[in-house]
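Chemist: coords38.txt is the file, holding compact mmCIF, C-alpha atoms and all ligand atoms:
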# COMPACT_ATOMS: atom_id res chain seq x y z
CA MET A 1 29.31 11.45 8.13
CA LEU A 2 25.82 12.76 7.47
CA THR A 3 25.36 15.12 4.58
CA THR A 4 22.39 17.08 3.26
CA GLU A 5 24.25 18.41 0.25
CA LYS A 6 22.38 16.39 -2.37
CA SER A 7 20.80 18.84 -4.77
CA ILE A 8 17.52 17.91 -6.41
CA ASP A 9 16.04 18.64 -9.76
CA ILE A 10 12.85 16.61 -9.98
CA ASP A 11 10.14 16.88 -12.60
CA TRP A 12 7.39 16.17 -10.04
CA GLY A 13 4.64 15.83 -12.63
CA THR A 14 6.25 12.87 -14.40
CA LEU A 15 7.60 10.98 -11.40
CA PRO A 16 7.03 7.23 -11.71
CA PHE A 17 6.27 4.97 -8.74
CA GLY A 18 9.91 4.08 -8.26
CA TYR A 19 12.87 4.48 -5.97
CA TYR A 20 14.36 7.97 -5.93
CA PRO A 21 17.16 8.39 -3.39
CA THR A 22 16.59 10.87 -0.56
CA ASP A 23 18.99 12.13 2.10
CA PHE A 24 18.34 10.13 5.26
CA ASN A 25 16.65 7.06 6.62
CA VAL A 26 15.98 6.06 10.21
CA ARG A 27 16.72 2.68 11.78
CA CYS A 28 16.09 0.88 15.00
CA THR A 29 17.33 -2.47 16.27
CA PHE A 30 15.53 -4.92 18.52
CA LYS A 31 18.19 -6.61 20.60
CA ASP A 32 18.33 -8.34 23.99
CA GLY A 33 14.56 -8.23 24.14
CA LYS A 34 14.13 -4.49 23.63
CA TRP A 35 14.08 -1.76 21.00
CA GLN A 36 17.17 0.44 20.90
CA GLU A 37 17.11 4.19 20.21
CA PRO A 38 16.42 5.14 16.56
CA GLU A 39 19.46 6.15 14.53
CA VAL A 40 19.60 8.44 11.51
CA THR A 41 21.86 7.52 8.62
CA ASP A 42 22.57 8.74 5.11
CA SER A 43 23.57 5.26 3.95
CA GLU A 44 21.20 3.44 1.61
CA TYR A 45 22.72 0.10 2.61
CA ILE A 46 22.11 -2.18 5.56
CA PRO A 47 24.83 -4.57 6.75
CA VAL A 48 22.99 -7.86 7.25
CA HIS A 49 24.13 -11.14 8.76
CA MET A 50 24.28 -13.80 6.05
CA ALA A 51 22.08 -16.11 8.14
CA ALA A 52 19.46 -13.45 8.91
CA THR A 53 15.96 -14.97 8.93
CA GLY A 54 14.72 -12.06 6.83
CA LEU A 55 16.94 -13.28 4.00
CA HIS A 56 16.36 -17.02 4.31
CA TYR A 57 12.90 -17.58 5.63
CA GLY A 58 11.03 -14.47 4.61
CA GLN A 59 10.73 -13.09 8.13
CA GLU A 60 9.95 -9.66 6.70
CA ALA A 61 7.02 -7.27 6.67
CA PHE A 62 6.60 -3.78 5.29
CA GLU A 63 4.16 -0.92 5.22
CA GLY A 64 3.32 1.84 2.77
CA LEU A 65 1.91 5.25 3.60
CA LYS A 66 2.33 8.74 2.24
CA ALA A 67 2.99 12.32 3.29
CA TYR A 68 0.81 14.80 1.40
CA ARG A 69 1.57 18.48 0.81
CA GLY A 70 -1.70 20.38 1.08
CA ALA A 71 -2.86 23.47 -0.78
CA ASP A 72 -2.29 25.26 2.54
CA GLY A 73 1.37 24.24 2.45
CA LYS A 74 0.97 21.87 5.42
CA VAL A 75 2.25 18.30 5.31
CA ARG A 76 -0.17 15.61 6.42
CA LEU A 77 0.06 11.92 7.21
CA PHE A 78 -3.03 9.79 6.62
CA ARG A 79 -4.06 7.29 9.31
CA TRP A 80 -0.49 6.28 10.15
CA GLN A 81 -1.72 4.59 13.32
CA GLU A 82 -3.52 2.02 11.12
CA ASN A 83 -0.24 1.23 9.37
CA ALA A 84 1.42 0.83 12.76
CA LYS A 85 -1.30 -1.59 13.86
CA ARG A 86 -1.14 -3.55 10.64
CA MET A 87 2.63 -3.88 10.96
CA GLN A 88 2.06 -5.32 14.42
CA THR A 89 -0.42 -7.83 12.99
CA SER A 90 2.11 -8.75 10.31
CA ALA A 91 4.86 -9.11 12.95
CA LYS A 92 2.65 -11.41 15.03
CA GLY A 93 1.76 -13.47 11.95
CA ILE A 94 5.37 -14.37 11.23
CA MET A 95 6.69 -14.22 14.82
CA MET A 96 8.71 -11.01 14.68
CA ALA A 97 9.22 -8.42 17.41
CA LYS A 98 6.41 -5.85 17.28
CA VAL A 99 7.21 -2.20 16.71
CA PRO A 100 5.32 -0.16 19.35
CA GLU A 101 2.89 2.30 17.78
CA GLU A 102 4.65 5.27 19.37
CA LEU A 103 8.04 4.23 18.02
CA PHE A 104 6.51 3.66 14.57
CA GLY A 105 5.05 7.19 14.57
CA GLU A 106 8.24 8.77 15.86
CA VAL A 107 10.44 7.12 13.24
CA VAL A 108 8.03 7.80 10.37
CA LYS A 109 7.75 11.50 11.25
CA LYS A 110 11.49 11.81 11.70
CA ALA A 111 12.16 10.27 8.27
CA VAL A 112 9.68 12.67 6.64
CA LYS A 113 11.05 15.75 8.41
CA LEU A 114 14.64 14.91 7.57
CA ASN A 115 13.74 14.62 3.89
CA ALA A 116 11.28 17.50 3.71
CA LYS A 117 12.78 18.85 0.51
CA TYR A 118 11.59 15.71 -1.28
CA ILE A 119 7.92 16.20 -0.40
CA PRO A 120 6.35 16.95 -3.78
CA PRO A 121 4.55 20.29 -4.14
CA HIS A 122 0.78 20.33 -3.96
CA GLY A 123 -1.01 19.83 -7.24
CA THR A 124 1.71 17.83 -9.00
CA GLY A 125 0.02 14.46 -8.43
CA ALA A 126 3.17 13.24 -6.69
CA THR A 127 3.53 12.46 -2.97
CA LEU A 128 6.21 11.30 -0.57
CA TYR A 129 5.92 7.54 -0.18
CA ILE A 130 6.99 6.22 3.22
CA ARG A 131 8.25 2.67 3.43
CA PRO A 132 8.59 1.15 6.91
CA LEU A 133 10.36 -2.20 6.84
CA LEU A 134 10.77 -4.82 9.58
CA PHE A 135 12.84 -7.96 9.25
CA GLY A 136 14.61 -10.67 11.18
CA SER A 137 18.24 -9.58 11.25
CA GLY A 138 19.53 -12.17 13.69
CA PRO A 139 21.01 -15.47 12.46
CA GLN A 140 19.20 -18.82 12.44
CA VAL A 141 19.61 -21.92 10.34
CA GLY A 142 16.66 -23.85 11.71
CA VAL A 143 13.28 -22.51 10.65
CA LYS A 144 12.52 -20.41 13.70
CA PRO A 145 12.24 -16.73 14.60
CA ALA A 146 15.34 -14.55 14.91
CA ASP A 147 16.46 -13.00 18.20
CA GLU A 148 17.20 -9.65 16.55
CA TYR A 149 15.10 -7.44 14.31
CA MET A 150 15.62 -4.31 12.34
CA PHE A 151 13.05 -1.61 11.70
CA VAL A 152 13.92 0.82 8.92
CA VAL A 153 11.94 3.72 7.48
CA PHE A 154 12.92 5.35 4.22
CA VAL A 155 11.00 7.77 2.05
CA THR A 156 10.95 8.39 -1.67
CA PRO A 157 8.94 10.79 -3.83
CA VAL A 158 6.53 8.96 -6.15
CA GLY A 159 3.86 9.36 -8.77
CA PRO A 160 0.81 7.05 -8.86
CA TYR A 161 1.45 3.28 -8.90
CA PHE A 162 -0.42 2.79 -12.15
CA LYS A 163 1.14 5.17 -14.65
CA GLU A 164 -2.36 5.99 -15.93
CA GLY A 165 -2.99 7.91 -12.66
CA PHE A 166 -6.71 8.57 -12.32
CA HIS A 167 -7.33 7.30 -15.85
CA PRO A 168 -9.00 3.91 -16.18
CA VAL A 169 -6.78 0.87 -16.56
CA ALA A 170 -7.18 -2.58 -18.12
CA ILE A 171 -6.54 -5.65 -15.96
CA GLU A 172 -6.68 -9.41 -16.55
CA VAL A 173 -8.13 -12.27 -14.53
CA VAL A 174 -5.55 -14.81 -13.41
CA ARG A 175 -6.35 -18.43 -12.52
CA ASP A 176 -3.01 -20.19 -12.86
CA TYR A 177 -1.37 -18.36 -9.93
CA ASP A 178 -2.44 -17.54 -6.38
CA ARG A 179 -0.83 -14.70 -4.45
CA ALA A 180 -1.89 -16.19 -1.13
CA ALA A 181 -3.77 -19.12 0.41
CA PRO A 182 -6.85 -18.72 2.63
CA LEU A 183 -5.00 -19.81 5.77
CA GLY A 184 -1.68 -18.41 4.61
CA THR A 185 -0.26 -14.88 4.83
CA GLY A 186 -2.45 -12.93 2.39
CA HIS A 187 -4.03 -10.87 5.18
CA ILE A 188 -0.67 -9.54 6.40
CA LYS A 189 1.85 -7.43 4.53
CA VAL A 190 4.78 -9.79 4.20
CA GLY A 191 7.26 -9.95 1.35
CA GLY A 192 6.44 -13.54 0.31
CA ASN A 193 3.00 -12.51 -0.96
CA TYR A 194 4.62 -10.04 -3.32
CA ALA A 195 7.22 -12.55 -4.52
CA ALA A 196 4.34 -14.91 -5.32
CA SER A 197 2.61 -12.20 -7.37
CA MET A 198 5.57 -11.31 -9.61
CA GLN A 199 5.14 -13.98 -12.31
CA PRO A 200 1.50 -13.19 -13.12
CA ALA A 201 2.11 -9.43 -12.76
CA ASP A 202 5.01 -9.56 -15.20
CA ARG A 203 2.90 -11.49 -17.69
CA ALA A 204 0.11 -8.94 -17.33
CA TYR A 205 2.47 -5.98 -17.94
CA LYS A 206 3.93 -7.68 -21.01
CA GLY A 207 0.40 -8.18 -22.31
CA GLY A 208 -0.39 -4.48 -21.90
CA PHE A 209 -2.39 -4.80 -18.65
CA ALA A 210 -1.83 -2.59 -15.61
CA SER A 211 -2.49 -5.39 -13.14
CA VAL A 212 -4.01 -8.79 -12.48
CA LEU A 213 -7.23 -9.75 -10.77
CA PHE A 214 -6.58 -12.64 -8.38
CA LEU A 215 -9.40 -15.06 -7.56
CA ASP A 216 -9.97 -17.12 -4.45
CA SER A 217 -7.46 -19.95 -4.48
CA LYS A 218 -9.93 -22.75 -3.65
CA GLU A 219 -12.73 -22.48 -6.16
CA LYS A 220 -11.64 -19.64 -8.46
CA LYS A 221 -15.18 -18.30 -8.18
CA TYR A 222 -14.70 -15.18 -6.09
CA ILE A 223 -12.72 -11.99 -6.58
CA ASP A 224 -9.74 -11.59 -4.25
CA GLU A 225 -7.40 -8.66 -5.00
CA ALA A 226 -6.38 -6.44 -7.89
CA GLY A 227 -2.60 -7.03 -7.68
CA PRO A 228 -1.21 -4.70 -4.98
CA ALA A 229 -4.60 -3.13 -4.33
CA ASN A 230 -8.11 -4.02 -3.13
CA PHE A 231 -10.95 -4.28 -5.64
CA TYR A 232 -14.34 -2.57 -5.59
CA GLY A 233 -17.42 -2.46 -7.77
CA ILE A 234 -20.28 0.04 -7.86
CA LYS A 235 -23.84 -1.00 -8.51
CA ASP A 236 -27.22 0.57 -7.63
CA ASN A 237 -25.69 3.26 -5.44
CA THR A 238 -23.76 0.60 -3.51
CA TYR A 239 -20.03 0.25 -2.91
CA ILE A 240 -19.17 -3.47 -3.01
CA THR A 241 -15.79 -4.86 -2.00
CA PRO A 242 -14.66 -8.47 -1.49
CA GLN A 243 -14.53 -10.15 1.87
CA SER A 244 -11.84 -12.80 1.87
CA GLN A 245 -9.37 -14.40 4.29
CA SER A 246 -6.51 -13.89 1.87
CA ILE A 247 -6.72 -10.20 1.01
CA LEU A 248 -4.84 -7.42 2.73
CA PRO A 249 -7.15 -5.21 4.82
CA SER A 250 -6.51 -1.98 2.92
CA ILE A 251 -6.53 1.24 4.92
CA THR A 252 -7.51 3.12 1.76
CA ASN A 253 -10.43 0.74 1.16
CA MET A 254 -11.56 1.03 4.79
CA SER A 255 -11.51 4.82 4.39
CA ILE A 256 -13.35 4.75 1.07
CA GLU A 257 -16.06 2.57 2.61
CA GLN A 258 -16.58 5.29 5.21
CA ILE A 259 -16.51 8.06 2.60
CA ALA A 260 -19.03 6.08 0.54
CA ARG A 261 -21.38 6.00 3.55
CA ASP A 262 -20.75 9.70 4.16
CA ILE A 263 -21.86 10.56 0.63
CA GLY A 264 -24.97 8.40 0.82
CA LEU A 265 -23.94 5.08 -0.73
CA SER A 266 -24.66 1.70 0.80
CA VAL A 267 -21.62 -0.44 1.50
CA GLU A 268 -21.31 -4.19 1.14
CA ARG A 269 -18.22 -6.13 2.16
CA ARG A 270 -18.91 -9.71 1.17
CA PRO A 271 -17.69 -12.47 -1.12
CA VAL A 272 -17.99 -11.14 -4.67
CA LEU A 273 -18.55 -13.65 -7.45
CA LEU A 274 -16.43 -13.19 -10.55
CA GLU A 275 -19.58 -13.28 -12.66
CA GLU A 276 -20.87 -10.19 -10.84
CA LEU A 277 -18.35 -8.22 -12.89
CA GLY A 278 -21.01 -8.16 -15.57
CA THR A 279 -23.42 -6.33 -13.26
CA PHE A 280 -21.18 -3.49 -12.04
CA GLU A 281 -21.53 0.05 -13.36
CA GLU A 282 -18.00 0.98 -12.28
CA THR A 283 -15.01 -0.95 -10.93
CA GLY A 284 -11.72 0.14 -9.46
CA ALA A 285 -8.61 -0.75 -7.51
CA CYS A 286 -7.59 1.08 -4.36
CA GLY A 287 -4.59 1.32 -2.09
CA THR A 288 -2.01 3.77 -0.84
CA ALA A 289 0.14 3.41 -3.94
CA ALA A 290 -2.75 2.93 -6.39
CA ILE A 291 -4.92 5.59 -4.69
CA ILE A 292 -8.18 4.98 -6.58
CA SER A 293 -7.59 3.58 -9.99
CA PRO A 294 -10.73 3.20 -12.08
CA ILE A 295 -10.85 0.10 -14.27
CA ARG A 296 -12.07 0.35 -17.83
CA LYS A 297 -11.74 -3.27 -18.87
CA ILE A 298 -11.30 -6.67 -17.23
CA VAL A 299 -10.28 -9.48 -19.54
CA ASP A 300 -10.87 -13.13 -18.66
CA HIS A 301 -8.80 -15.01 -21.23
CA ASP A 302 -10.00 -18.44 -20.08
CA THR A 303 -13.67 -17.77 -20.67
CA GLY A 304 -13.21 -15.21 -23.44
CA LYS A 305 -15.28 -12.68 -21.47
CA VAL A 306 -14.39 -9.01 -21.51
CA TYR A 307 -16.04 -6.72 -18.97
CA ARG A 308 -16.07 -3.05 -19.96
CA TYR A 309 -16.81 0.00 -17.82
CA GLY A 310 -16.26 2.95 -20.13
CA ASP A 311 -13.08 4.77 -21.02
CA GLY A 312 -13.54 7.59 -18.53
CA ALA A 313 -13.68 7.42 -14.74
CA GLY A 314 -17.26 6.86 -13.55
CA PRO A 315 -19.10 9.46 -11.44
CA VAL A 316 -18.97 7.48 -8.18
CA SER A 317 -15.25 6.66 -8.45
CA THR A 318 -14.60 10.31 -9.28
CA LYS A 319 -16.49 11.52 -6.22
CA LEU A 320 -14.76 9.01 -3.94
CA TYR A 321 -11.38 10.00 -5.37
CA GLN A 322 -12.04 13.71 -4.88
CA GLN A 323 -13.17 13.21 -1.29
CA LEU A 324 -10.26 10.96 -0.38
CA ARG A 325 -7.59 13.14 -2.00
CA GLY A 326 -9.32 16.22 -0.62
CA ILE A 327 -9.05 14.94 2.95
CA GLN A 328 -5.44 13.91 2.44
CA GLU A 329 -4.54 17.35 1.09
CA GLY A 330 -6.58 19.42 3.52
CA LEU A 331 -9.14 20.54 0.92
CA VAL A 332 -12.06 18.58 2.36
CA GLU A 333 -12.95 18.74 6.03
CA ASP A 334 -11.41 15.78 7.85
CA ILE A 335 -14.51 14.91 9.88
CA HIS A 336 -13.10 11.54 10.99
CA GLY A 337 -9.76 12.91 12.23
CA TRP A 338 -7.75 10.78 9.80
CA THR A 339 -4.94 13.20 9.08
CA GLU A 340 -2.13 14.53 11.23
CA VAL A 341 -0.22 17.64 10.29
CA ILE A 342 3.52 17.21 10.79
CA ASP A 343 4.72 20.30 12.61
CA GLY A 344 7.79 22.19 11.65
CA ILE A 345 7.99 21.48 7.92
N1 LIG A 401 -3.59 -5.05 -1.22
C1 LIG A 401 -2.28 -5.29 -1.32
C2 LIG A 401 -1.84 -6.65 -1.70
C3 LIG A 401 -1.37 -4.26 -1.05
O1 LIG A 401 -0.07 -4.47 -1.16
C4 LIG A 401 -1.85 -3.00 -0.68
C5 LIG A 401 -0.92 -1.94 -0.35
O2 LIG A 401 -0.61 -1.70 0.78
C6 LIG A 401 -3.23 -2.80 -0.60
C7 LIG A 401 -4.07 -3.85 -0.88
C8 LIG A 401 -3.78 -1.49 -0.19
O3 LIG A 401 -3.63 -1.27 1.18
P1 LIG A 401 -3.52 0.19 1.76
O4 LIG A 401 -4.72 0.91 1.30
O5 LIG A 401 -3.49 0.01 3.22
O6 LIG A 401 -2.27 0.77 1.21
C1 LIG A 402 1.02 0.31 -1.11
O1 LIG A 402 -0.04 0.60 -1.66
O2 LIG A 402 1.53 1.03 -0.26
C2 LIG A 402 1.74 -0.89 -1.42
O3 LIG A 402 2.42 -1.36 -0.58
C3 LIG A 402 1.63 -1.46 -2.75
C4 LIG A 402 2.95 -1.84 -3.25
C5 LIG A 402 3.79 -0.91 -3.96
C6 LIG A 402 3.45 -3.15 -2.96
Would you mind giving the structure from this file in structure tokens?
Modeler:
Amino acid sequence: MLTTEKSIDIDWGTLPFGYYPTDFNVRCTFKDGKWQEPEVTDSEYIPVHMAATGLHYGQEAFEGLKAYRGADGKVRLFRWQENAKRMQTSAKGIMMAKVPEELFGEVVKKAVKLNAKYIPPHGTGATLYIRPLLFGSGPQVGVKPADEYMFVVFVTPVGPYFKEGFHPVAIEVVRDYDRAAPLGTGHIKVGGNYAASMQPADRAYKGGFASVLFLDSKEKKYIDEAGPANFYGIKDNTYITPQSQSILPSITNMSIEQIARDIGLSVERRPVLLEELGTFEETGACGTAAIISPIRKIVDHDTGKVYRYGDGAGPVSTKLYQQLRGIQEGLVEDIHGWTEVIDGI
């Protein structure tokens, strides 16, 4: 039986980036070569076959996007079509059934609407995080793709990924772990990449760092990613972000590059040498969960170098943050048509 009786008493301003149960989630099964109709459930559990490829062989991909409550009371999604496309690229990369863009949009919007009471009020810093998940649910024992897939979308209200919010964080360079290999799965959003990042991330947290800075896995000369976020540096009125085969093409980063151009910065997407850290005026990490997180300090334990960027957010990061958040919340004109208002909430 479906129930909406759950009462909520959330202190929106102090919400962590964590799982907070909501009322409903929406699911769809791919069976006999086609997607079945989406179903709404209030269960937080999924019955899974014990030989499902998603459990054994990591045939799993996910997405992350957010619903934003604007100052005008409207609820907006940001570039959800890009998340749909990326999930298709991830599905192709590990041989899963692709979720059609239209189905992706329908299920995402349904999940948000059904849980509208969990969309944090404007101005609290919190948002409704949307987590689409796709995995092989059919059984296999040989290493090969499943015949059945499950697509699930749940939502949960969250604060910023780094508890510091828009306050600069400290991160550390890691050389003894790689999150992904150049010809591996770093460019798609599959669970294995995140499993591979847990050991160094845990060490970083225990050492008082908000995240790690991964380097290219071949030479350890170039910057790859800042944990679950892309990296950028600012120098001479230029926004510089790494080009690499093993980083996730961030929709936030892609949008910030455009915003940077819009506000008169040059943009460079190219391999970024670790030693360039010493030349940047500002650095930051960006992603849906991280939003824009300015970095105040990057510590390289192996070389003893410490790169510092000031204890406050720099002027360029601040401007980029204001523009991005402004578009997402309907405060800045959305000249690129990135947002979609969800009707009826
Ligand atoms: N890099 C990694 C490894 C991520 O997990 C994410 C989050 O999705 C990002 C970057 C940022 O991507 P996006 O801006 O599309 O959320
Ligand atoms: C996101 O930014 O949406 C992410 O997926 C990062 C993460 C929590 C893994």
Chemist: Provide the atom CA of A:Arg261 to atom CA of A:Asp311 distance in Å, to one decimal place.
Modeler: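 These two atoms are separated by 26.0 Å.
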Chemist: Could you pull the residues within 12 Å of A:Ile10, counting all atoms listed in the file, minus those fewer than 4 positions along the same chain, as a PyMOL selection string?
Modeler: chain A and resi 14-16+20-22+117-121+124+126+156-159
Chemist: Hey, which residues sit close to ligand LIG 401 (chain A)? Say within 9 Å, counting only C-alpha atoms and all ligand atoms, and write them as a PyMOL selection string.
Modeler: chain A and resi 62-65+82-83+86+179+186-190+193-194+225-231+247-255+285-291
Chemist: List the spatial neighbours of A:Gly54 as a ChimeraX atom specification - criterion: any atom at most 12 Å away, all atoms listed in the file, same-chain residues fewer than 5 positions off excluded.
Modeler: /A:48-49,59-62,91,94-96,133-141,143-151,190-192
Chemist: Which residue is closest to ligand LIG 402 (chain A)? Choose from A:Ile130, A:Val306, A:Ile223, A:Leu103 and count only C-alpha atoms and all ligand atoms.
Modeler: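 Closest residue, counting only C-alpha atoms and all ligand atoms: A:Ile130.
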Chemist: Quick one: of A:Lys110, A:Lys66, A:His122, A:Arg79, who's nearest to A:Phe24, counting all atoms listed in the file?
Modeler: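 Closest residue, counting all atoms listed in the file: A:Lys110.
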Chemist: With all atoms listed in the file as the atoms that count, which of A:Thr185, A:Asp302, A:Lys6, A:Glu282 lies nearest to A:Lys92?
Modeler: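 Among the listed residues, A:Thr185 lies closest to A:Lys92.
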Chemist: Atom CA of A:Lys297 and atom CA of A:Ala260, how far apart in Å?
Modeler: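 Pair atom CA of A:Ala260 / atom CA of A:Lys297 returns 22.7 Å.
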Chemist: For a quick check of understanding, using only C-alpha atoms and all ligand atoms, which of A:Lys31, A:Lys163, A:Arg203, A:Arg131 has the smallest distance to ligand LIG 402 (chain A)?
Modeler: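 Residue with the minimum atom-to-atom distance to ligand LIG 402 (chain A): A:Arg131.
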Chemist: Could you write out as JSON the box around ligand LIG 402 (chain A) (axis-aligned, all atoms listed in the file, 6 Å on each side), with centre and edge lengths in Å to one decimal?
Modeler:
{"center_x": 1.9, "center_y": -1.1, "center_z": -2.1, "size_x": 15.8, "size_y": 16.2, "size_z": 15.7}
Chemist: Rounded to one decimal in Å, what is the spacing between atom CA of A:Glu275 and atom CA of A:Asp236?
Modeler: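 Calculated distance between atom CA of A:Glu275 and atom CA of A:Asp236 is 16.6 Å.
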Chemist: Please write as a ChimeraX atom specification the list of polymer residues whose atoms come within 9 Å of (-14.4, 9.2, 9.6), counting all atoms listed in the file and keeping to the coordinates of the file.
Modeler: /A:255,258-259,262,334-338
Chemist: My list of candidates is A:Ile8, A:Ala71, A:Val299, A:Val153. Which is closest to A:Asn25 when distances are computed with all atoms listed in the file?
Modeler: A:Val153
Chemist: Counting only C-alpha atoms, find the residues whose atoms lie at most 9 Å from (-6.9, -16.2, 3.3) (file coordinates) and write them out as a PyMOL selection string.
Modeler: chain A and resi 180-187+216-217+244-247
Chemist: With C-alpha atoms retained, write the just-selected residues as a PDB file, in the frame of the given file.
Modeler:
ATOM      1  CA  ALA A 180      -1.890 -16.190  -1.130  1.00  0.00           C
ATOM      2  CA  ALA A 181      -3.770 -19.120   0.410  1.00  0.00           C
ATOM      3  CA  PRO A 182      -6.850 -18.720   2.630  1.00  0.00           C
ATOM      4  CA  LEU A 183      -5.000 -19.810   5.770  1.00  0.00           C
ATOM      5  CA  GLY A 184      -1.680 -18.410   4.610  1.00  0.00           C
ATOM      6  CA  THR A 185      -0.260 -14.880   4.830  1.00  0.00           C
ATOM      7  CA  GLY A 186      -2.450 -12.930   2.390  1.00  0.00           C
ATOM      8  CA  HIS A 187      -4.030 -10.870   5.180  1.00  0.00           C
ATOM      9  CA  ASP A 216      -9.970 -17.120  -4.450  1.00  0.00           C
ATOM     10  CA  SER A 217      -7.460 -19.950  -4.480  1.00  0.00           C
ATOM     11  CA  SER A 244     -11.840 -12.800   1.870  1.00  0.00           C
ATOM     12  CA  GLN A 245      -9.370 -14.400   4.290  1.00  0.00           C
ATOM     13  CA  SER A 246      -6.510 -13.890   1.870  1.00  0.00           C
ATOM     14  CA  ILE A 247      -6.720 -10.200   1.010  1.00  0.00           C
TER      15      ILE A 247
END
Chemist: If we count only C-alpha atoms, what is near A:Leu274 at a cut-off of 12 Å, once residues fewer than 3 positions away on the same chain are taken out, given as a PyMOL selection string?
Modeler: chain A and resi 173-175+213-216+219-225+231-233+241-242+271+277-280+298-300+303+305-307
Chemist: Between A:Val169, A:Gly13, A:Asp23, A:Ser293, which has the minimum distance to ligand LIG 402 (chain A) (counting all atoms listed in the file)?
Modeler: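 Result for the nearest residue to ligand LIG 402 (chain A): A:Ser293.
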